[in-house]
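Here is data.cif, consisting of mmCIF, C-alpha atoms:
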```cif
data_final
#
loop_
_atom_site.label_atom_id
_atom_site.label_comp_id
_atom_site.auth_asym_id
_atom_site.auth_seq_id
_atom_site.Cartn_x
_atom_site.Cartn_y
_atom_site.Cartn_z
CA MET A 1 -14.97 3.80 -21.03
CA ILE A 2 -14.71 7.32 -19.64
CA GLU A 3 -13.58 9.93 -22.14
CA ALA A 4 -12.74 13.57 -21.53
CA ARG A 5 -12.19 15.80 -24.55
CA GLU A 6 -10.93 19.35 -24.12
CA LEU A 7 -12.58 19.27 -20.69
CA THR A 8 -12.45 22.72 -19.11
CA LYS A 9 -14.02 23.89 -15.87
CA LYS A 10 -13.81 27.47 -14.63
CA PHE A 11 -15.00 29.08 -11.43
CA ASP A 12 -15.21 32.79 -12.21
CA ASP A 13 -11.62 33.71 -13.13
CA ILE A 14 -10.12 30.46 -11.79
CA THR A 15 -9.47 27.66 -14.30
CA ALA A 16 -9.67 24.41 -12.34
CA LEU A 17 -9.42 22.16 -15.42
CA ASP A 18 -7.74 23.33 -18.59
CA SER A 19 -8.51 21.40 -21.80
CA ILE A 20 -8.11 17.92 -20.30
CA ASP A 21 -7.94 14.97 -22.70
CA ALA A 22 -8.11 11.57 -21.00
CA SER A 23 -9.40 8.06 -21.66
CA ILE A 24 -10.09 5.58 -18.87
CA LYS A 25 -10.58 2.02 -20.06
CA GLU A 26 -12.87 -0.52 -18.46
CA GLY A 27 -11.37 -2.93 -15.97
CA GLU A 28 -8.27 -0.87 -15.14
CA VAL A 29 -7.31 1.21 -12.12
CA PHE A 30 -6.75 4.81 -13.14
CA GLY A 31 -4.84 6.99 -10.71
CA LEU A 32 -5.06 10.80 -10.68
CA ILE A 33 -2.01 12.27 -8.96
CA GLY A 34 -1.39 15.86 -7.94
CA THR A 35 -1.22 18.33 -5.07
CA ASN A 36 -4.25 19.98 -3.52
CA GLY A 37 -5.62 22.42 -6.07
CA ALA A 38 -4.28 20.47 -9.05
CA GLY A 39 -7.80 19.70 -10.30
CA LYS A 40 -8.26 16.09 -9.15
CA SER A 41 -11.51 16.63 -7.23
CA THR A 42 -12.90 18.89 -9.95
CA PHE A 43 -12.23 16.20 -12.55
CA LEU A 44 -14.04 13.59 -10.46
CA ARG A 45 -16.98 15.93 -9.84
CA CYS A 46 -17.28 16.51 -13.58
CA ALA A 47 -17.09 12.74 -14.13
CA ALA A 48 -19.83 12.31 -11.51
CA GLY A 49 -22.05 14.93 -13.12
CA ILE A 50 -21.89 17.23 -10.12
CA TYR A 51 -20.21 19.99 -12.11
CA LYS A 52 -21.18 20.95 -15.63
CA PRO A 53 -18.11 21.51 -17.83
CA THR A 54 -17.53 25.09 -18.88
CA SER A 55 -16.45 23.74 -22.26
CA GLY A 56 -15.44 20.43 -23.75
CA SER A 57 -17.05 17.17 -22.69
CA ILE A 58 -16.81 14.12 -20.47
CA SER A 59 -18.78 10.95 -21.13
CA ILE A 60 -19.25 7.41 -19.88
CA ASP A 61 -19.71 4.73 -22.54
CA GLY A 62 -20.44 7.49 -25.07
CA ASP A 63 -23.13 9.27 -23.04
CA GLU A 64 -22.78 12.74 -21.52
CA ILE A 65 -22.97 12.62 -17.72
CA PHE A 66 -24.38 15.93 -16.50
CA GLU A 67 -28.11 15.62 -15.64
CA ASN A 68 -28.22 12.09 -17.06
CA LYS A 69 -29.81 9.83 -14.43
CA ASP A 70 -29.27 6.62 -16.37
CA VAL A 71 -25.53 7.22 -16.71
CA LYS A 72 -25.21 8.15 -13.04
CA LYS A 73 -26.42 4.68 -12.10
CA LYS A 74 -23.19 3.31 -13.59
CA PHE A 75 -20.90 4.78 -10.93
CA PHE A 76 -20.57 5.38 -7.21
CA PHE A 77 -18.74 8.51 -6.05
CA ILE A 78 -16.82 8.41 -2.76
CA SER A 79 -16.25 12.06 -1.96
CA ASP A 80 -13.39 13.30 0.18
CA GLU A 81 -16.09 15.00 2.27
CA GLN A 82 -18.46 12.11 2.82
CA TYR A 83 -22.12 12.75 3.50
CA PHE A 84 -24.50 10.55 5.45
CA PHE A 85 -28.03 11.38 6.53
CA PRO A 86 -28.19 12.90 10.02
CA ASN A 87 -28.37 10.26 12.77
CA SER A 88 -28.34 7.46 10.19
CA ASN A 89 -26.63 4.12 10.69
CA PRO A 90 -24.88 1.93 8.07
CA LEU A 91 -27.95 -0.30 7.60
CA GLU A 92 -30.19 2.70 6.86
CA MET A 93 -27.67 4.05 4.34
CA GLY A 94 -27.57 0.64 2.69
CA ASN A 95 -31.36 0.61 2.34
CA TYR A 96 -31.21 4.10 0.85
CA TYR A 97 -28.67 3.16 -1.82
CA LYS A 98 -30.53 -0.07 -2.54
CA ASN A 99 -33.36 2.09 -3.86
CA ILE A 100 -30.95 3.94 -6.17
CA TYR A 101 -28.80 1.12 -7.51
CA SER A 102 -30.74 -1.87 -8.82
CA GLY A 103 -27.67 -4.10 -8.42
CA PHE A 104 -27.05 -3.21 -4.78
CA ASP A 105 -26.18 -6.41 -2.89
CA MET A 106 -27.55 -5.94 0.62
CA GLU A 107 -26.45 -9.39 1.75
CA ARG A 108 -22.88 -8.71 0.73
CA TYR A 109 -22.97 -5.25 2.30
CA ARG A 110 -24.06 -6.57 5.68
CA ARG A 111 -21.47 -9.33 5.51
CA LEU A 112 -18.73 -6.81 4.73
CA LEU A 113 -19.82 -4.56 7.60
CA SER A 114 -19.40 -7.54 9.91
CA ASP A 115 -16.03 -8.48 8.38
CA PHE A 116 -14.77 -4.93 8.88
CA GLY A 117 -16.03 -4.84 12.46
CA LEU A 118 -18.55 -2.06 11.79
CA SER A 119 -21.86 -2.14 13.66
CA GLU A 120 -24.71 -1.80 11.18
CA LYS A 121 -26.95 -0.09 13.75
CA ARG A 122 -24.49 2.31 15.36
CA LYS A 123 -24.93 5.98 14.42
CA ILE A 124 -22.41 6.89 11.73
CA ASN A 125 -21.80 10.31 13.27
CA THR A 126 -20.13 8.50 16.18
CA PHE A 127 -17.64 6.77 13.84
CA SER A 128 -14.06 7.91 13.36
CA LYS A 129 -12.96 9.41 10.03
CA GLY A 130 -11.43 6.12 8.96
CA MET A 131 -14.55 4.15 9.89
CA LYS A 132 -16.74 6.53 7.88
CA LYS A 133 -14.52 5.99 4.86
CA GLN A 134 -14.82 2.24 5.32
CA VAL A 135 -18.63 2.56 5.26
CA SER A 136 -18.40 4.58 2.04
CA VAL A 137 -16.17 1.98 0.41
CA LEU A 138 -18.45 -0.89 1.42
CA LEU A 139 -21.47 0.96 0.07
CA ALA A 140 -19.58 1.54 -3.18
CA VAL A 141 -18.47 -2.06 -3.79
CA SER A 142 -21.91 -3.37 -2.80
CA SER A 143 -23.66 -1.05 -5.26
CA GLY A 144 -22.66 -3.21 -8.23
CA THR A 145 -21.73 -0.20 -10.36
CA ASP A 146 -19.28 -0.36 -13.27
CA TYR A 147 -17.18 2.52 -11.94
CA ILE A 148 -16.14 3.78 -8.52
CA PHE A 149 -14.75 7.31 -8.17
CA CYS A 150 -12.52 7.71 -5.13
CA ASP A 151 -11.43 11.15 -3.92
CA GLU A 152 -8.56 10.68 -1.42
CA THR A 153 -10.31 7.51 -0.25
CA PHE A 154 -7.21 6.00 1.36
CA ASP A 155 -6.44 9.11 3.39
CA GLY A 156 -7.33 8.34 7.01
CA LEU A 157 -7.27 4.55 6.64
CA ASP A 158 -4.71 2.57 8.60
CA PRO A 159 -2.36 0.24 6.66
CA VAL A 160 -4.45 -2.87 7.35
CA MET A 161 -7.65 -1.21 6.13
CA ARG A 162 -5.89 0.19 3.06
CA GLN A 163 -4.83 -3.29 2.06
CA ALA A 164 -8.32 -4.64 2.74
CA VAL A 165 -9.89 -1.99 0.49
CA LYS A 166 -7.35 -2.66 -2.27
CA SER A 167 -8.19 -6.38 -2.03
CA LEU A 168 -11.91 -5.60 -2.39
CA PHE A 169 -11.25 -3.55 -5.51
CA ALA A 170 -9.00 -6.24 -6.97
CA SER A 171 -11.62 -8.93 -6.36
CA ASP A 172 -14.39 -6.94 -8.03
CA MET A 173 -12.15 -6.05 -10.96
CA GLU A 174 -11.53 -9.74 -11.56
CA LYS A 175 -15.14 -10.81 -11.11
CA ARG A 176 -17.05 -8.03 -12.87
CA ARG A 177 -14.47 -5.68 -14.49
CA LEU A 178 -14.96 -2.91 -11.97
CA THR A 179 -13.13 0.30 -12.93
CA PRO A 180 -11.85 2.35 -9.96
CA VAL A 181 -10.74 5.93 -10.63
CA ILE A 182 -8.65 7.06 -7.66
CA ALA A 183 -7.53 10.62 -6.97
CA SER A 184 -4.65 11.00 -4.53
CA HIS A 185 -1.77 13.29 -3.68
CA ASN A 186 0.30 10.25 -2.70
CA LEU A 187 2.03 8.56 -5.62
CA ARG A 188 3.51 5.83 -3.40
CA GLU A 189 0.02 4.85 -2.25
CA LEU A 190 -1.15 4.04 -5.77
CA GLU A 191 1.95 2.44 -7.23
CA ASP A 192 1.03 -1.16 -6.41
CA MET A 193 -2.54 -1.00 -7.71
CA CYS A 194 -2.81 1.39 -10.68
CA ASP A 195 -2.67 0.31 -14.32
CA HIS A 196 -2.58 3.87 -15.63
CA VAL A 197 -1.57 7.14 -13.98
CA GLY A 198 -2.33 10.72 -14.92
CA LEU A 199 -0.34 13.54 -13.33
CA LEU A 200 -2.38 16.71 -12.89
CA HIS A 201 -0.80 20.10 -12.34
CA ARG A 202 -2.55 23.47 -12.38
CA GLY A 203 -5.59 22.06 -14.12
CA GLY A 204 -3.75 20.25 -16.90
CA ILE A 205 -2.33 16.75 -17.39
CA LEU A 206 1.46 16.71 -17.52
CA LEU A 207 1.69 12.97 -18.11
CA SER A 208 -0.81 10.17 -18.72
CA ARG A 209 0.78 6.76 -19.20
CA ASP A 210 0.29 3.05 -18.63
CA ILE A 211 2.51 2.03 -15.71
CA VAL A 212 3.81 -1.05 -17.54
CA ASP A 213 4.88 1.10 -20.49
CA LEU A 214 6.51 3.60 -18.14
CA LYS A 215 8.51 0.93 -16.37
CA LEU A 216 9.56 -0.82 -19.60
CA ASN A 217 10.73 2.40 -21.24
CA ILE A 218 12.95 3.88 -18.52
CA HIS A 219 15.76 2.28 -16.53
CA LYS A 220 18.46 3.09 -14.01
CA VAL A 221 22.00 1.83 -14.61
CA GLN A 222 24.80 1.99 -12.03
CA PHE A 223 28.35 1.31 -13.20
CA VAL A 224 32.04 1.96 -12.76
CA LEU A 225 34.21 2.42 -15.83
CA LYS A 226 37.74 1.04 -16.05
CA ASP A 227 38.77 4.34 -17.58
CA GLU A 228 36.54 7.36 -16.99
CA GLU A 229 37.65 8.80 -20.33
CA ASP A 230 35.79 5.94 -22.03
CA GLU A 231 32.42 7.40 -21.03
CA ASP A 232 31.89 8.47 -24.65
CA LYS A 233 31.43 4.77 -25.48
CA LEU A 234 28.05 5.08 -23.76
CA SER A 235 26.91 7.83 -26.14
CA PRO A 236 24.37 5.55 -27.91
CA LEU A 237 22.31 5.58 -24.69
CA ASN A 238 19.39 8.00 -24.44
CA VAL A 239 20.42 9.40 -21.06
CA ILE A 240 17.96 11.74 -19.36
CA LYS A 241 19.80 12.08 -16.05
CA LYS A 242 23.35 11.54 -14.81
CA GLU A 243 24.66 11.29 -11.26
CA ARG A 244 28.22 10.73 -10.04
CA ARG A 245 29.50 9.67 -6.61
CA GLY A 246 33.22 9.25 -6.88
CA LYS A 247 33.77 6.66 -9.59
CA LEU A 248 30.23 5.31 -9.30
CA MET A 249 28.03 6.60 -12.12
CA THR A 250 24.25 6.37 -12.22
CA TYR A 251 22.41 6.90 -15.50
CA THR A 252 18.66 7.15 -15.90
CA VAL A 253 18.12 5.93 -19.44
CA ARG A 254 15.12 5.82 -21.73
CA GLY A 255 14.82 2.88 -24.10
CA ASN A 256 14.63 -0.89 -24.47
CA GLN A 257 16.31 -2.88 -21.70
CA GLY A 258 18.00 -5.27 -24.14
CA GLU A 259 19.50 -2.45 -26.18
CA ILE A 260 20.76 -0.74 -23.03
CA LYS A 261 22.41 -3.96 -21.85
CA ALA A 262 24.07 -4.40 -25.26
CA VAL A 263 25.69 -0.97 -24.99
CA MET A 264 26.81 -1.62 -21.41
CA ASP A 265 28.20 -5.06 -22.33
CA ALA A 266 30.31 -3.46 -25.06
CA ALA A 267 31.70 -0.78 -22.73
CA ASP A 268 34.80 -1.21 -20.58
CA THR A 269 33.21 -1.37 -17.14
CA ILE A 270 34.46 -2.83 -13.90
CA PHE A 271 30.81 -3.66 -13.19
CA TYR A 272 27.32 -2.47 -14.02
CA GLU A 273 23.82 -3.33 -12.83
CA MET A 274 20.28 -2.49 -13.89
CA ILE A 275 18.20 -1.20 -10.96
CA PRO A 276 14.37 -1.13 -11.01
CA LEU A 277 12.86 2.34 -10.68
CA SER A 278 9.91 3.11 -8.47
CA LEU A 279 6.97 4.88 -10.05
CA GLU A 280 7.95 8.00 -8.10
CA GLU A 281 11.47 7.92 -9.59
CA ILE A 282 10.03 7.49 -13.08
CA PHE A 283 7.76 10.49 -12.68
CA ILE A 284 10.60 12.57 -11.25
CA SER A 285 12.73 11.78 -14.29
CA GLU A 286 9.95 12.38 -16.81
CA THR A 287 8.81 15.66 -15.30
CA GLU A 288 12.34 16.99 -14.87
CA VAL A 289 12.81 16.49 -18.60
CA ALA A 290 9.60 18.48 -19.12
CA GLY A 291 10.97 21.24 -16.90
CA TYR A 292 8.96 20.57 -13.74
CA ASP A 293 9.99 19.73 -10.18
CA ILE A 294 7.92 16.65 -9.34
CA LYS A 295 8.58 16.98 -5.59
CA LYS A 296 6.95 20.39 -5.58
CA ILE A 297 4.10 19.24 -7.80
CA ILE A 298 3.19 16.12 -5.81
CA PHE A 299 4.48 16.73 -2.31
CA GLY A 300 4.42 20.54 -2.18
CA GLU A 301 8.09 20.65 -1.18
#
```

Since I need it in another form, could you write the structure as structure tokens?
Amino acid sequence: MIEARELTKKFDDITALDSIDASIKEGEVFGLIGTNGAGKSTFLRCAAGIYKPTSGSISIDGDEIFENKDVKKKFFFISDEQYFFPNSNPLEMGNYYKNIYSGFDMERYRRLLSDFGLSEKRKINTFSKGMKKQVSVLLAVSSGTDYIFCDETFDGLDPVMRQAVKSLFASDMEKRRLTPVIASHNLRELEDMCDHVGLLHRGGILLSRDIVDLKLNIHKVQFVLKDEEDEDKLSPLNVIKKERRGKLMTYTVRGNQGEIKAVMDAADTIFYEMIPLSLEEIFISETEVAGYDIKKIIFGE
């Protein structure tokens, strides 16, 4: 488990992380969402022991990370700005990491290079951005570490490669309880793979929730009332957002699905239907309640 407690990181007068509290459980995919400058990369660099916290702490399995070689063998960090030795090829990088990670599976690594159509002896500096990221991912999953930290790893990968990488992560999670921690500015990209999502904004966490709990606790209901004056019959609902288009009403409601249906069944409606919310819609609703504009936070709009 990765635990951050009051984690703060400052660069001179800039506070990149501000008293972050977070717990990342083994065997789950944890997504860090936020715009550039929100603190995602700084959090991962603290988790990787690259940055020393200004105050507070971050630990893996109870051990502090900074300047702890034994702990650093438990994770592989895929930086947004990947580094490979000058003029090196994938095979040489594999041999290098084999000396660092005792569980590095060279046979699997070479097989994956072949599966992904990457020449093991071609100079990496001749690869495209997406190909370099593929090499980094294959090195990471072949390292046999408990955790993989991914900083905008899917940026630059085409849709086929994105799905292939997600499949690799899913396979390793099932076989050896791998724990990927993925930082991204794209909420839609992570929706189908994350178990838990933390929304970072200006160095702090606005929301940190299990996706299943989020989806079970908030619902969208569309309906038309027989008599619009009967809307007060829906007052038992915990409505956090209302929209109207002519006679069609749309409520975003927090609460148990069964209880919401019971209220709707008792109301005089011409029809009503429960509509699943995307993770993006859930975050928009939650952050609007908290007084934030999620589109500006995540997409910079």

* d(atom CA of Arg110 of chain A, atom CA of Pro159 of chain A) in Å ->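 Answer for the atom CA of Arg110 of chain A to atom CA of Pro159 of chain A separation: 22.8 Å.
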
* To do: Take atom CA of Lys9 of chain A and atom CA of Asp210 of chain A and report the distance between them in Å, one decimal.
  =>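 For atom CA of Lys9 of chain A relative to atom CA of Asp210 of chain A, the distance reads 25.4 Å.
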
* **Test item: the PyMOL selection byres ((chain A and resi 147-158) around 7) resolved as a VMD selection string** => chain A and resid 41 44 74 to 80 129 to 130 133 140 145 to 146 159 to 162 178 to 184

* Can you tell me, as a ChimeraX atom specification, what residues are no more than 7 Å from segment 137-139 of chain A when counting all atoms listed in the file, ignoring any on the same chain fewer than 2 positions away? -> /A:94,109,112,133-135,141-143

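Between atom CA of Asp18 of chain A and atom CA of Ser57 of chain A the interatomic distance comes to 11.9 Å.
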
* Extract, using all atoms listed in the file, all DNA, RNA and protein residues at most 9 Å from Lys72 of chain A, discarding same-chain residues fewer than 6 positions from it, and format them as a PyMOL selection string. => chain A and resi 48-49+65-66

* Asked: Written as a list in words, what is the full residue list that the PyMOL selection byres ((chain A and resi 36) around 12) yields on the file shown?
  -> Ala16, Leu32, Ile33, Gly34, Thr35, Gly37, Ala38, Gly39, Lys40, Ser41, Thr42, Asp80, Asp151, Glu152, Ala183, Ser184, His185, Asn186, Leu200, His201, Arg202, Gly203, Lys296, Ile297, Ile298, Phe299 and Gly300 of chain A

* With a distance cut-off of 7 Å and all atoms listed in the file, select the neighbouring residues of Met274 of chain A, excluding the residue or stretch itself and same-chain residues fewer than 2 positions from it, and output the selection as a ChimeraX atom specification. => /A:220-222,276

* Contact residues around Lys226 of chain A with all atoms listed in the file at 6 Å, ignoring same-chain residues under 2 positions, as a PyMOL selection string -> chain A and resi 268-270

* What do you get, as a list in words, if you spell out every residue that the PyMOL selection byres ((chain A and resi 87) around 9) selects here? -> Phe84, Phe85, Pro86, Ser88, Asn89, Lys123, Ile124 and Asn125 of chain A

* Asked: Which residue, A:Asp230, A:Asp21, A:Thr15, A:Gly144, has the smallest gap to Lys175 of chain A when you use only C-alpha atoms?
  -> A:Gly144

* Residue with smallest distance to Ser59 of chain A - pool A:Lys132, A:Arg254, A:Arg5, A:Arg209, counting only C-alpha atoms ->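 Closest to Ser59 of chain A of all the choices is A:Arg5.
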
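In this comparison, which uses only C-alpha atoms, the residue of A:Ala4, A:Glu81, A:Asn256, A:Ser19 approaching Gly204 of chain A most closely is A:Ser19.
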
Residues at most 12 Å from Ala267 of chain A, counting only C-alpha atoms, excluding those fewer than 6 positions away in the same chain, as an mmCIF file with C-alpha atoms, in the coordinates of the input?
```cif
data_model
loop_
_atom_site.group_PDB
_atom_site.id
_atom_site.type_symbol
_atom_site.label_atom_id
_atom_site.label_comp_id
_atom_site.auth_asym_id
_atom_site.auth_seq_id
_atom_site.Cartn_x
_atom_site.Cartn_y
_atom_site.Cartn_z
ATOM 1 C CA PHE A 223 28.350 1.310 -13.200
ATOM 2 C CA VAL A 224 32.040 1.960 -12.760
ATOM 3 C CA LEU A 225 34.210 2.420 -15.830
ATOM 4 C CA LYS A 226 37.740 1.040 -16.050
ATOM 5 C CA ASP A 227 38.770 4.340 -17.580
ATOM 6 C CA GLU A 228 36.540 7.360 -16.990
ATOM 7 C CA GLU A 229 37.650 8.800 -20.330
ATOM 8 C CA ASP A 230 35.790 5.940 -22.030
ATOM 9 C CA GLU A 231 32.420 7.400 -21.030
ATOM 10 C CA ASP A 232 31.890 8.470 -24.650
ATOM 11 C CA LYS A 233 31.430 4.770 -25.480
ATOM 12 C CA LEU A 234 28.050 5.080 -23.760
ATOM 13 C CA SER A 235 26.910 7.830 -26.140
ATOM 14 C CA PRO A 236 24.370 5.550 -27.910
ATOM 15 C CA LEU A 237 22.310 5.580 -24.690
ATOM 16 C CA ILE A 260 20.760 -0.740 -23.030
ATOM 17 C CA LYS A 261 22.410 -3.960 -21.850
#
```

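Using all atoms listed in the file for every distance, the candidate list A:Val197, A:Asn238, A:Asp63, A:Ser136 yields A:Ser136 as the residue closest to Tyr83 of chain A.
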
Which polymer residues, whether protein, DNA or RNA, lie within 12 Å of the coordinate (4.8, 1.4, -20.5) when you count all atoms listed in the file? List them as a PDB file with C-alpha atoms, keeping the file's coordinate frame, using the chain letters and numbers from the file.
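selection12.pdb was written with the following content:
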```pdb
ATOM      1  CA  ASP A 195      -2.670   0.310 -14.320  1.00  0.00           C
ATOM      2  CA  HIS A 196      -2.580   3.870 -15.630  1.00  0.00           C
ATOM      3  CA  VAL A 197      -1.570   7.140 -13.980  1.00  0.00           C
ATOM      4  CA  SER A 208      -0.810  10.170 -18.720  1.00  0.00           C
ATOM      5  CA  ARG A 209       0.780   6.760 -19.200  1.00  0.00           C
ATOM      6  CA  ASP A 210       0.290   3.050 -18.630  1.00  0.00           C
ATOM      7  CA  ILE A 211       2.510   2.030 -15.710  1.00  0.00           C
ATOM      8  CA  VAL A 212       3.810  -1.050 -17.540  1.00  0.00           C
ATOM      9  CA  ASP A 213       4.880   1.100 -20.490  1.00  0.00           C
ATOM     10  CA  LEU A 214       6.510   3.600 -18.140  1.00  0.00           C
ATOM     11  CA  LYS A 215       8.510   0.930 -16.370  1.00  0.00           C
ATOM     12  CA  LEU A 216       9.560  -0.820 -19.600  1.00  0.00           C
ATOM     13  CA  ASN A 217      10.730   2.400 -21.240  1.00  0.00           C
ATOM     14  CA  ILE A 218      12.950   3.880 -18.520  1.00  0.00           C
ATOM     15  CA  HIS A 219      15.760   2.280 -16.530  1.00  0.00           C
ATOM     16  CA  ARG A 254      15.120   5.820 -21.730  1.00  0.00           C
ATOM     17  CA  GLY A 255      14.820   2.880 -24.100  1.00  0.00           C
ATOM     18  CA  ASN A 256      14.630  -0.890 -24.470  1.00  0.00           C
ATOM     19  CA  LEU A 279       6.970   4.880 -10.050  1.00  0.00           C
ATOM     20  CA  ILE A 282      10.030   7.490 -13.080  1.00  0.00           C
TER      21      ILE A 282
END
```
